[in-house]
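Asks: Sharing model_25.pdb (PDB, C-alpha atoms and all ligand atoms) below.
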MODEL        1
ATOM      1  CA  MET A   1       8.058  11.806  18.634  1.00  0.00           C
ATOM      2  CA  ALA A   2       8.685  11.571  14.885  1.00  0.00           C
ATOM      3  CA  GLY A   3       5.598  12.135  12.777  1.00  0.00           C
ATOM      4  CA  GLU A   4       3.683  13.984  15.500  1.00  0.00           C
ATOM      5  CA  PRO A   5       1.503  16.959  14.466  1.00  0.00           C
ATOM      6  CA  GLN A   6       3.325  20.304  14.473  1.00  0.00           C
ATOM      7  CA  SER A   7       1.462  23.305  15.889  1.00  0.00           C
ATOM      8  CA  ASP A   8       2.939  25.649  13.275  1.00  0.00           C
ATOM      9  CA  CYS A   9       2.214  23.405  10.256  1.00  0.00           C
ATOM     10  CA  LEU A  10      -0.507  24.417   7.784  1.00  0.00           C
ATOM     11  CA  PHE A  11      -1.061  20.887   6.477  1.00  0.00           C
ATOM     12  CA  CYS A  12      -1.245  19.345   9.987  1.00  0.00           C
ATOM     13  CA  LYS A  13      -4.096  21.846  10.553  1.00  0.00           C
ATOM     14  CA  ILE A  14      -5.820  20.660   7.366  1.00  0.00           C
ATOM     15  CA  VAL A  15      -5.523  17.071   8.674  1.00  0.00           C
ATOM     16  CA  THR A  16      -7.226  18.054  11.960  1.00  0.00           C
ATOM     17  CA  GLY A  17      -9.822  20.245  10.220  1.00  0.00           C
ATOM     18  CA  ASP A  18      -8.628  23.434  11.946  1.00  0.00           C
ATOM     19  CA  ILE A  19      -8.022  24.913   8.481  1.00  0.00           C
ATOM     20  CA  PRO A  20     -10.694  24.114   5.874  1.00  0.00           C
ATOM     21  CA  ALA A  21      -9.870  22.487   2.554  1.00  0.00           C
ATOM     22  CA  THR A  22     -11.793  20.956  -0.311  1.00  0.00           C
ATOM     23  CA  ILE A  23     -11.125  17.308   0.455  1.00  0.00           C
ATOM     24  CA  VAL A  24     -11.548  14.919  -2.482  1.00  0.00           C
ATOM     25  CA  ARG A  25     -10.323  11.655  -0.922  1.00  0.00           C
ATOM     26  CA  GLU A  26      -9.327  10.387   2.494  1.00  0.00           C
ATOM     27  CA  SER A  27      -7.762   7.115   3.656  1.00  0.00           C
ATOM     28  CA  GLU A  28      -6.687   5.866   7.064  1.00  0.00           C
ATOM     29  CA  THR A  29      -3.265   7.454   6.557  1.00  0.00           C
ATOM     30  CA  THR A  30      -3.749  10.215   3.933  1.00  0.00           C
ATOM     31  CA  VAL A  31      -5.862  13.199   2.917  1.00  0.00           C
ATOM     32  CA  ALA A  32      -6.218  14.584  -0.633  1.00  0.00           C
ATOM     33  CA  PHE A  33      -7.514  18.126  -1.213  1.00  0.00           C
ATOM     34  CA  ARG A  34      -7.590  20.747  -3.977  1.00  0.00           C
ATOM     35  CA  ASP A  35      -4.661  23.144  -4.160  1.00  0.00           C
ATOM     36  CA  ILE A  36      -5.711  26.702  -3.265  1.00  0.00           C
ATOM     37  CA  ASN A  37      -3.718  28.074  -6.232  1.00  0.00           C
ATOM     38  CA  PRO A  38      -4.211  25.489  -9.002  1.00  0.00           C
ATOM     39  CA  GLN A  39      -1.595  25.244 -11.730  1.00  0.00           C
ATOM     40  CA  ALA A  40      -3.658  22.919 -13.950  1.00  0.00           C
ATOM     41  CA  PRO A  41      -7.361  22.056 -14.389  1.00  0.00           C
ATOM     42  CA  THR A  42      -6.778  19.249 -11.867  1.00  0.00           C
ATOM     43  CA  HIS A  43      -4.389  20.162  -9.058  1.00  0.00           C
ATOM     44  CA  VAL A  44      -4.791  18.058  -5.930  1.00  0.00           C
ATOM     45  CA  LEU A  45      -2.380  17.643  -3.008  1.00  0.00           C
ATOM     46  CA  VAL A  46      -2.058  14.238  -1.337  1.00  0.00           C
ATOM     47  CA  ILE A  47      -0.572  14.385   2.164  1.00  0.00           C
ATOM     48  CA  PRO A  48       0.131  11.836   4.871  1.00  0.00           C
ATOM     49  CA  LYS A  49      -1.662  12.455   8.166  1.00  0.00           C
ATOM     50  CA  VAL A  50       1.690  12.135   9.932  1.00  0.00           C
ATOM     51  CA  HIS A  51       4.108  15.059   9.784  1.00  0.00           C
ATOM     52  CA  TYR A  52       7.370  14.548   7.917  1.00  0.00           C
ATOM     53  CA  PRO A  53       8.980  17.472   6.103  1.00  0.00           C
ATOM     54  CA  ASP A  54       9.432  15.793   2.723  1.00  0.00           C
ATOM     55  CA  ALA A  55       8.751  12.618   0.786  1.00  0.00           C
ATOM     56  CA  ALA A  56      12.182  11.057   1.268  1.00  0.00           C
ATOM     57  CA  SER A  57      12.121  11.440   5.073  1.00  0.00           C
ATOM     58  CA  LEU A  58       8.592   9.984   5.103  1.00  0.00           C
ATOM     59  CA  ALA A  59       9.771   7.005   3.032  1.00  0.00           C
ATOM     60  CA  VAL A  60      12.642   6.322   5.459  1.00  0.00           C
ATOM     61  CA  ALA A  61      10.443   6.529   8.574  1.00  0.00           C
ATOM     62  CA  GLU A  62       7.127   5.177   7.243  1.00  0.00           C
ATOM     63  CA  PRO A  63       7.598   3.365   3.924  1.00  0.00           C
ATOM     64  CA  GLN A  64       4.060   1.998   3.881  1.00  0.00           C
ATOM     65  CA  ILE A  65       2.596   5.486   4.295  1.00  0.00           C
ATOM     66  CA  ALA A  66       4.851   6.799   1.521  1.00  0.00           C
ATOM     67  CA  ALA A  67       3.383   4.062  -0.675  1.00  0.00           C
ATOM     68  CA  ASP A  68      -0.108   5.042   0.481  1.00  0.00           C
ATOM     69  CA  VAL A  69       0.531   8.616  -0.746  1.00  0.00           C
ATOM     70  CA  LEU A  70       1.432   7.309  -4.219  1.00  0.00           C
ATOM     71  CA  ARG A  71      -1.517   4.912  -4.292  1.00  0.00           C
ATOM     72  CA  GLU A  72      -3.894   7.732  -3.381  1.00  0.00           C
ATOM     73  CA  ALA A  73      -2.308   9.989  -6.024  1.00  0.00           C
ATOM     74  CA  GLY A  74      -3.157   7.350  -8.621  1.00  0.00           C
ATOM     75  CA  LEU A  75      -6.704   7.033  -7.282  1.00  0.00           C
ATOM     76  CA  VAL A  76      -7.144  10.826  -7.434  1.00  0.00           C
ATOM     77  CA  ALA A  77      -6.017  10.719 -11.074  1.00  0.00           C
ATOM     78  CA  ALA A  78      -8.598   8.005 -11.783  1.00  0.00           C
ATOM     79  CA  ASP A  79     -11.353   9.906  -9.913  1.00  0.00           C
ATOM     80  CA  GLU A  80     -10.507  13.070 -11.865  1.00  0.00           C
ATOM     81  CA  LYS A  81     -10.340  11.118 -15.162  1.00  0.00           C
ATOM     82  CA  ILE A  82      -6.832  12.347 -15.991  1.00  0.00           C
ATOM     83  CA  ASP A  83      -5.264   8.891 -15.809  1.00  0.00           C
ATOM     84  CA  GLU A  84      -5.706   8.083 -19.498  1.00  0.00           C
ATOM     85  CA  SER A  85      -4.386  11.376 -20.874  1.00  0.00           C
ATOM     86  CA  GLY A  86      -1.468  11.371 -18.447  1.00  0.00           C
ATOM     87  CA  TYR A  87      -0.746  13.305 -15.298  1.00  0.00           C
ATOM     88  CA  ARG A  88       2.184  14.395 -13.202  1.00  0.00           C
ATOM     89  CA  ILE A  89       3.037  13.643  -9.564  1.00  0.00           C
ATOM     90  CA  VAL A  90       5.402  16.306  -8.193  1.00  0.00           C
ATOM     91  CA  LEU A  91       7.255  16.092  -4.874  1.00  0.00           C
ATOM     92  CA  ASN A  92       9.071  19.408  -4.472  1.00  0.00           C
ATOM     93  CA  THR A  93      11.859  18.855  -1.943  1.00  0.00           C
ATOM     94  CA  GLY A  94      13.683  21.838  -0.444  1.00  0.00           C
ATOM     95  CA  SER A  95      13.102  25.553  -0.899  1.00  0.00           C
ATOM     96  CA  GLY A  96      15.484  25.644  -3.872  1.00  0.00           C
ATOM     97  CA  ALA A  97      13.101  23.277  -5.683  1.00  0.00           C
ATOM     98  CA  GLY A  98      10.032  25.349  -4.808  1.00  0.00           C
ATOM     99  CA  GLN A  99       8.894  23.624  -1.617  1.00  0.00           C
ATOM    100  CA  THR A 100       7.013  26.133   0.540  1.00  0.00           C
ATOM    101  CA  VAL A 101       5.118  23.850   2.945  1.00  0.00           C
ATOM    102  CA  PHE A 102       7.362  21.490   4.883  1.00  0.00           C
ATOM    103  CA  HIS A 103       4.832  18.694   5.397  1.00  0.00           C
ATOM    104  CA  THR A 104       5.138  15.994   2.722  1.00  0.00           C
ATOM    105  CA  HIS A 105       2.737  16.533  -0.156  1.00  0.00           C
ATOM    106  CA  ALA A 106       2.408  15.055  -3.619  1.00  0.00           C
ATOM    107  CA  HIS A 107       1.009  17.423  -6.240  1.00  0.00           C
ATOM    108  CA  VAL A 108      -1.257  15.590  -8.713  1.00  0.00           C
ATOM    109  CA  LEU A 109      -1.493  17.724 -11.854  1.00  0.00           C
ATOM    110  CA  GLY A 110      -3.400  17.027 -15.041  1.00  0.00           C
ATOM    111  CA  GLY A 111      -6.038  18.086 -17.508  1.00  0.00           C
ATOM    112  CA  ARG A 112      -3.615  19.974 -19.755  1.00  0.00           C
ATOM    113  CA  GLY A 113      -0.456  19.228 -21.686  1.00  0.00           C
ATOM    114  CA  MET A 114       2.757  18.987 -19.648  1.00  0.00           C
ATOM    115  CA  THR A 115       6.152  20.074 -20.904  1.00  0.00           C
ATOM    116  CA  TRP A 116       9.566  18.614 -20.144  1.00  0.00           C
ATOM    117  CA  PRO A 117      11.947  19.704 -18.701  1.00  0.00           C
ATOM    118  CA  PRO A 118       9.782  21.178 -15.923  1.00  0.00           C
ATOM    119  CA  GLY A 119      10.253  24.812 -14.916  1.00  0.00           C
TER     120      GLY A 119
HETATM  121  P1  LIG B 201       5.006  23.414  -2.484  1.00  0.00           P
HETATM  122  O1  LIG B 201       5.309  24.762  -3.086  1.00  0.00           O
HETATM  123  O2  LIG B 201       5.458  23.338  -1.042  1.00  0.00           O
HETATM  124  O3  LIG B 201       5.457  22.239  -3.305  1.00  0.00           O
HETATM  125  O4  LIG B 201       3.421  23.295  -2.490  1.00  0.00           O
HETATM  126  C1  LIG B 201       2.604  23.873  -1.539  1.00  0.00           C
HETATM  127  C2  LIG B 201       1.258  24.008  -2.174  1.00  0.00           C
HETATM  128  O5  LIG B 201       0.305  24.271  -1.154  1.00  0.00           O
HETATM  129  C3  LIG B 201       1.150  25.183  -3.168  1.00  0.00           C
HETATM  130  O6  LIG B 201       0.801  24.665  -4.453  1.00  0.00           O
HETATM  131  C4  LIG B 201       0.072  26.076  -2.575  1.00  0.00           C
HETATM  132  O7  LIG B 201      -0.766  26.662  -3.542  1.00  0.00           O
HETATM  133  C5  LIG B 201      -0.666  25.132  -1.657  1.00  0.00           C
HETATM  134  N1  LIG B 201      -1.284  25.776  -0.512  1.00  0.00           N
HETATM  135  C6  LIG B 201      -0.692  26.690   0.300  1.00  0.00           C
HETATM  136  N2  LIG B 201      -1.543  27.056   1.283  1.00  0.00           N
HETATM  137  C7  LIG B 201      -2.693  26.341   1.079  1.00  0.00           C
HETATM  138  C8  LIG B 201      -3.932  26.278   1.781  1.00  0.00           C
HETATM  139  O8  LIG B 201      -4.171  26.944   2.794  1.00  0.00           O
HETATM  140  N3  LIG B 201      -4.884  25.453   1.276  1.00  0.00           N
HETATM  141  C9  LIG B 201      -4.653  24.692   0.152  1.00  0.00           C
HETATM  142  N4  LIG B 201      -5.667  23.919  -0.253  1.00  0.00           N
HETATM  143  N5  LIG B 201      -3.494  24.713  -0.514  1.00  0.00           N
HETATM  144  C10 LIG B 201      -2.521  25.526  -0.064  1.00  0.00           C
HETATM  145 ZN    ZN B 202       2.536  18.952   9.284  1.00  0.00          ZN
ENDMDL
END
Can I see the file as structure tokens?

Replies:
Amino acid sequence: MAGEPQSDCLFCKIVTGDIPATIVRESETTVAFRDINPQAPTHVLVIPKVHYPDAASLAVAEPQIAADVLREAGLVAADEKIDESGYRIVLNTGSGAGQTVFHTHAHVLGGRGMTWPPG
């Protein structure tokens, strides 16, 4: 069934607790945890508990949960006090764009200046 946990998915295992993570927020539908290889002073990943490979497929199948991911990203930014200085939400989609884990995740990055265009 769509959205079911995948046995070979790293982030599904973080949802179940089989792989440990530093969890900073949790909601009924999402988990937020610190990235293992931070690219900024604050670097948190917000994931849905359901498994969809990327943000767009999640939004098609479960629009409310896609909205939950964005809401939680904003709450992480507030918790981490990066909301006033500005922060970035990144949704890498496809290996050509740098996606390496194919379970939807929003990167919340902040605590330093951000350049545009992104790398
Ligand atoms: P992507 O490159 O797919 O957009 O992002 C995947 C992110 O997951 C990377 O920033 C990477 O550092 C992070 N990551 C990979 N494995 C783990 C892990 O086991 N634990 C945590 N907390 N983050 C991970
Ligand atoms: Zn998964």

Asks: Excluding Leu70 (chain A) and residues on its chain fewer than 4 positions from it, collect all residues at most 8 Å away from it, counting only C-alpha atoms, and give them as number ranges by chain.

Replies: A: 66, 74, 106

Asks: So what does the PyMOL selection byres (((chain A and resi 89) around 6) and not hetatm) actually pick up in this one, as a compact mmCIF listing (two decimals) with C-alpha atoms, keeping the file's coordinate frame?

Replies:
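Result file is part.txt:
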# COMPACT_ATOMS: atom_id res chain seq x y z
CA ARG A 88 2.18 14.40 -13.20
CA VAL A 90 5.40 16.31 -8.19
CA HIS A 107 1.01 17.42 -6.24
CA VAL A 108 -1.26 15.59 -8.71

Asks: Starting from the shown file, work through the PyMOL selection byres (((not hetatm)) within 9 of (chain B and resi 201)) and note down what comes out as a VMD selection string.

Replies: chain A and resid 10 to 11 14 19 to 23 33 to 39 43 to 45 90 to 95 97 to 107

Asks: Between A:Val15, A:Thr30, A:Leu109, A:Gly3, which is the closest to Asp68 (chain A) once you count all atoms listed in the file?

Replies: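 Checking each candidate against Asp68 (chain A), we get A:Thr30 as the closest.
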
Asks: Please find the residues contacting ligand ZN 202 (chain B) at a distance of at most 6 Å between atoms, with only C-alpha atoms and all ligand atoms counted, and report them as an mmCIF file with C-alpha atoms, keeping the file's coordinate frame.

Replies:
data_model
loop_
_atom_site.group_PDB
_atom_site.id
_atom_site.type_symbol
_atom_site.label_atom_id
_atom_site.label_comp_id
_atom_site.auth_asym_id
_atom_site.auth_seq_id
_atom_site.Cartn_x
_atom_site.Cartn_y
_atom_site.Cartn_z
ATOM 1 C CA PRO A 5 1.503 16.959 14.466
ATOM 2 C CA GLN A 6 3.325 20.304 14.473
ATOM 3 C CA CYS A 9 2.214 23.405 10.256
ATOM 4 C CA PHE A 11 -1.061 20.887 6.477
ATOM 5 C CA CYS A 12 -1.245 19.345 9.987
ATOM 6 C CA HIS A 51 4.108 15.059 9.784
ATOM 7 C CA HIS A 103 4.832 18.694 5.397
#

Asks: What does the structure give for the distance between CA of Lys13 (chain A) and CA of Lys49 (chain A), in Å to one decimal?

Replies: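 One can read the CA of Lys13 (chain A) to CA of Lys49 (chain A) distance as 10.0 Å.
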
Asks: I'd like to know which of A:Val31, A:Ala2, A:Ala40, A:Ala59 is closest to Ile82 (chain A), using all atoms listed in the file.

Replies: A:Ala40

Asks: Let me make sure I understand: among A:Glu28, A:Ala67, A:Gly86, A:Glu4, which one has the smallest atom-to-atom distance to Tyr52 (chain A) if we use all atoms listed in the file?

Replies: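 The shortest atom-to-atom distance to Tyr52 (chain A) comes from A:Glu4.
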
Asks: Could you tell me how far CA of Tyr87 (chain A) sits from CA of Gly110 (chain A), in Å to one decimal place?

Replies: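 Those two atoms sit 4.6 Å apart.
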
Asks: Distance CA of Val76 (chain A)-CA of Val24 (chain A), one decimal place?

Replies: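 Separation of CA of Val76 (chain A) and CA of Val24 (chain A): 7.8 Å.
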
Asks: Which residues, written as an MDAnalysis selection string, have at least one atom at most 7 Å from Val69 (chain A), with all atoms listed in the file counted and residues fewer than 5 positions away on the same chain left out?

Replies: chainID A and resid 30 46:48

Asks: Taking all atoms of region 22-40 of chain A that the file lists, what box with edges along x, y and z, padded by 3 Å per side, do you get, with centre and edge lengths in Å to one decimal, as lines of an AutoDock Vina configuration file?

Replies:
center_x = -6.7
center_y = 17.0
center_z = -3.4
size_x = 16.2
size_y = 28.2
size_z = 27.0

Asks: Using N, CA and C atoms, give me region 7-55 of chain A from the structure I just pasted, as a compact mmCIF listing (two decimals), in the first residue's frame.

Replies:
# COMPACT_ATOMS: atom_id res chain seq x y z
N SER A 7 11.39 -1.65 4.09
CA SER A 7 12.39 -2.32 4.93
C SER A 7 13.81 -1.84 4.63
N ASP A 8 14.02 -1.31 3.43
CA ASP A 8 15.38 -0.88 3.05
C ASP A 8 15.55 0.64 3.16
N CYS A 9 14.64 1.31 3.87
CA CYS A 9 14.68 2.79 3.93
C CYS A 9 15.23 3.27 5.28
N LEU A 10 16.33 4.03 5.20
CA LEU A 10 16.98 4.58 6.39
C LEU A 10 16.01 5.43 7.22
N PHE A 11 15.25 6.31 6.58
CA PHE A 11 14.40 7.22 7.34
C PHE A 11 13.17 6.50 7.91
N CYS A 12 12.65 5.46 7.25
CA CYS A 12 11.60 4.65 7.88
C CYS A 12 12.13 4.04 9.17
N LYS A 13 13.41 3.66 9.19
CA LYS A 13 14.01 3.06 10.40
C LYS A 13 14.21 4.11 11.48
N ILE A 14 14.43 5.37 11.11
CA ILE A 14 14.48 6.43 12.13
C ILE A 14 13.07 6.64 12.70
N VAL A 15 12.05 6.56 11.86
CA VAL A 15 10.66 6.71 12.35
C VAL A 15 10.35 5.63 13.39
N THR A 16 10.77 4.39 13.13
CA THR A 16 10.44 3.29 14.05
C THR A 16 11.38 3.24 15.25
N GLY A 17 12.51 3.97 15.18
CA GLY A 17 13.48 3.93 16.26
C GLY A 17 14.53 2.85 16.08
N ASP A 18 14.49 2.12 14.98
CA ASP A 18 15.49 1.07 14.74
C ASP A 18 16.87 1.67 14.49
N ILE A 19 16.90 2.89 13.94
CA ILE A 19 18.16 3.63 13.80
C ILE A 19 18.02 4.88 14.65
N PRO A 20 18.99 5.14 15.55
CA PRO A 20 18.87 6.30 16.44
C PRO A 20 19.08 7.62 15.71
N ALA A 21 18.46 8.65 16.23
CA ALA A 21 18.64 10.00 15.70
C ALA A 21 18.39 10.97 16.84
N THR A 22 18.95 12.17 16.69
CA THR A 22 18.69 13.21 17.68
C THR A 22 17.41 13.93 17.29
N ILE A 23 16.32 13.49 17.89
CA ILE A 23 15.00 14.02 17.53
C ILE A 23 14.76 15.34 18.27
N VAL A 24 14.34 16.36 17.52
CA VAL A 24 14.10 17.68 18.13
C VAL A 24 12.61 18.01 18.20
N ARG A 25 11.80 17.41 17.36
CA ARG A 25 10.35 17.61 17.41
C ARG A 25 9.69 16.36 16.86
N GLU A 26 8.46 16.12 17.30
CA GLU A 26 7.67 15.03 16.73
C GLU A 26 6.22 15.47 16.73
N SER A 27 5.48 15.11 15.67
CA SER A 27 4.03 15.34 15.65
C SER A 27 3.39 14.00 15.31
N GLU A 28 2.08 14.00 15.21
CA GLU A 28 1.37 12.76 14.89
C GLU A 28 1.85 12.19 13.56
N THR A 29 2.23 13.07 12.64
CA THR A 29 2.54 12.63 11.28
C THR A 29 3.99 12.84 10.86
N THR A 30 4.80 13.50 11.69
CA THR A 30 6.17 13.88 11.29
C THR A 30 7.18 13.65 12.40
N VAL A 31 8.45 13.56 12.00
CA VAL A 31 9.57 13.55 12.95
C VAL A 31 10.61 14.54 12.43
N ALA A 32 11.24 15.29 13.34
CA ALA A 32 12.32 16.21 12.97
C ALA A 32 13.55 15.83 13.78
N PHE A 33 14.69 15.69 13.10
CA PHE A 33 15.93 15.26 13.77
C PHE A 33 17.13 15.96 13.14
N ARG A 34 18.23 16.02 13.88
CA ARG A 34 19.43 16.71 13.39
C ARG A 34 20.11 15.88 12.30
N ASP A 35 20.54 16.59 11.25
CA ASP A 35 21.27 15.93 10.17
C ASP A 35 22.62 15.45 10.72
N ILE A 36 23.02 14.24 10.30
CA ILE A 36 24.26 13.64 10.79
C ILE A 36 25.50 14.37 10.25
N ASN A 37 25.33 15.11 9.16
CA ASN A 37 26.44 15.81 8.51
C ASN A 37 26.02 17.26 8.25
N PRO A 38 25.93 18.06 9.35
CA PRO A 38 25.31 19.39 9.22
C PRO A 38 26.06 20.33 8.29
N GLN A 39 25.30 21.05 7.51
CA GLN A 39 25.85 22.02 6.54
C GLN A 39 25.67 23.46 7.00
N ALA A 40 25.16 23.64 8.21
CA ALA A 40 24.94 24.97 8.80
C ALA A 40 24.81 24.76 10.31
N PRO A 41 24.96 25.83 11.10
CA PRO A 41 24.84 25.66 12.56
C PRO A 41 23.53 24.98 12.97
N THR A 42 22.43 25.32 12.30
CA THR A 42 21.20 24.53 12.45
C THR A 42 20.96 23.77 11.15
N HIS A 43 20.88 22.46 11.25
CA HIS A 43 20.55 21.63 10.08
C HIS A 43 19.70 20.46 10.59
N VAL A 44 18.41 20.62 10.40
CA VAL A 44 17.42 19.63 10.89
C VAL A 44 16.66 19.09 9.68
N LEU A 45 16.35 17.80 9.72
CA LEU A 45 15.53 17.18 8.67
C LEU A 45 14.14 16.93 9.23
N VAL A 46 13.12 17.35 8.49
CA VAL A 46 11.73 17.06 8.87
C VAL A 46 11.20 16.03 7.89
N ILE A 47 10.73 14.90 8.40
CA ILE A 47 10.23 13.83 7.52
C ILE A 47 8.80 13.45 7.92
N PRO A 48 8.02 13.00 6.94
CA PRO A 48 6.73 12.41 7.27
C PRO A 48 6.95 11.00 7.78
N LYS A 49 6.06 10.52 8.63
CA LYS A 49 6.18 9.13 9.11
C LYS A 49 5.85 8.14 8.00
N VAL A 50 5.02 8.57 7.05
CA VAL A 50 4.72 7.70 5.90
C VAL A 50 5.85 7.80 4.88
N HIS A 51 6.00 6.72 4.11
CA HIS A 51 7.09 6.67 3.12
C HIS A 51 6.59 7.09 1.74
N TYR A 52 7.07 8.23 1.29
CA TYR A 52 6.95 8.63 -0.12
C TYR A 52 8.33 9.11 -0.56
N PRO A 53 8.72 8.87 -1.79
CA PRO A 53 10.11 9.11 -2.17
C PRO A 53 10.50 10.59 -2.22
N ASP A 54 9.55 11.47 -2.46
CA ASP A 54 9.92 12.89 -2.55
C ASP A 54 8.70 13.75 -2.20
N ALA A 55 8.96 15.04 -2.05
CA ALA A 55 7.93 15.95 -1.54
C ALA A 55 6.73 16.05 -2.48
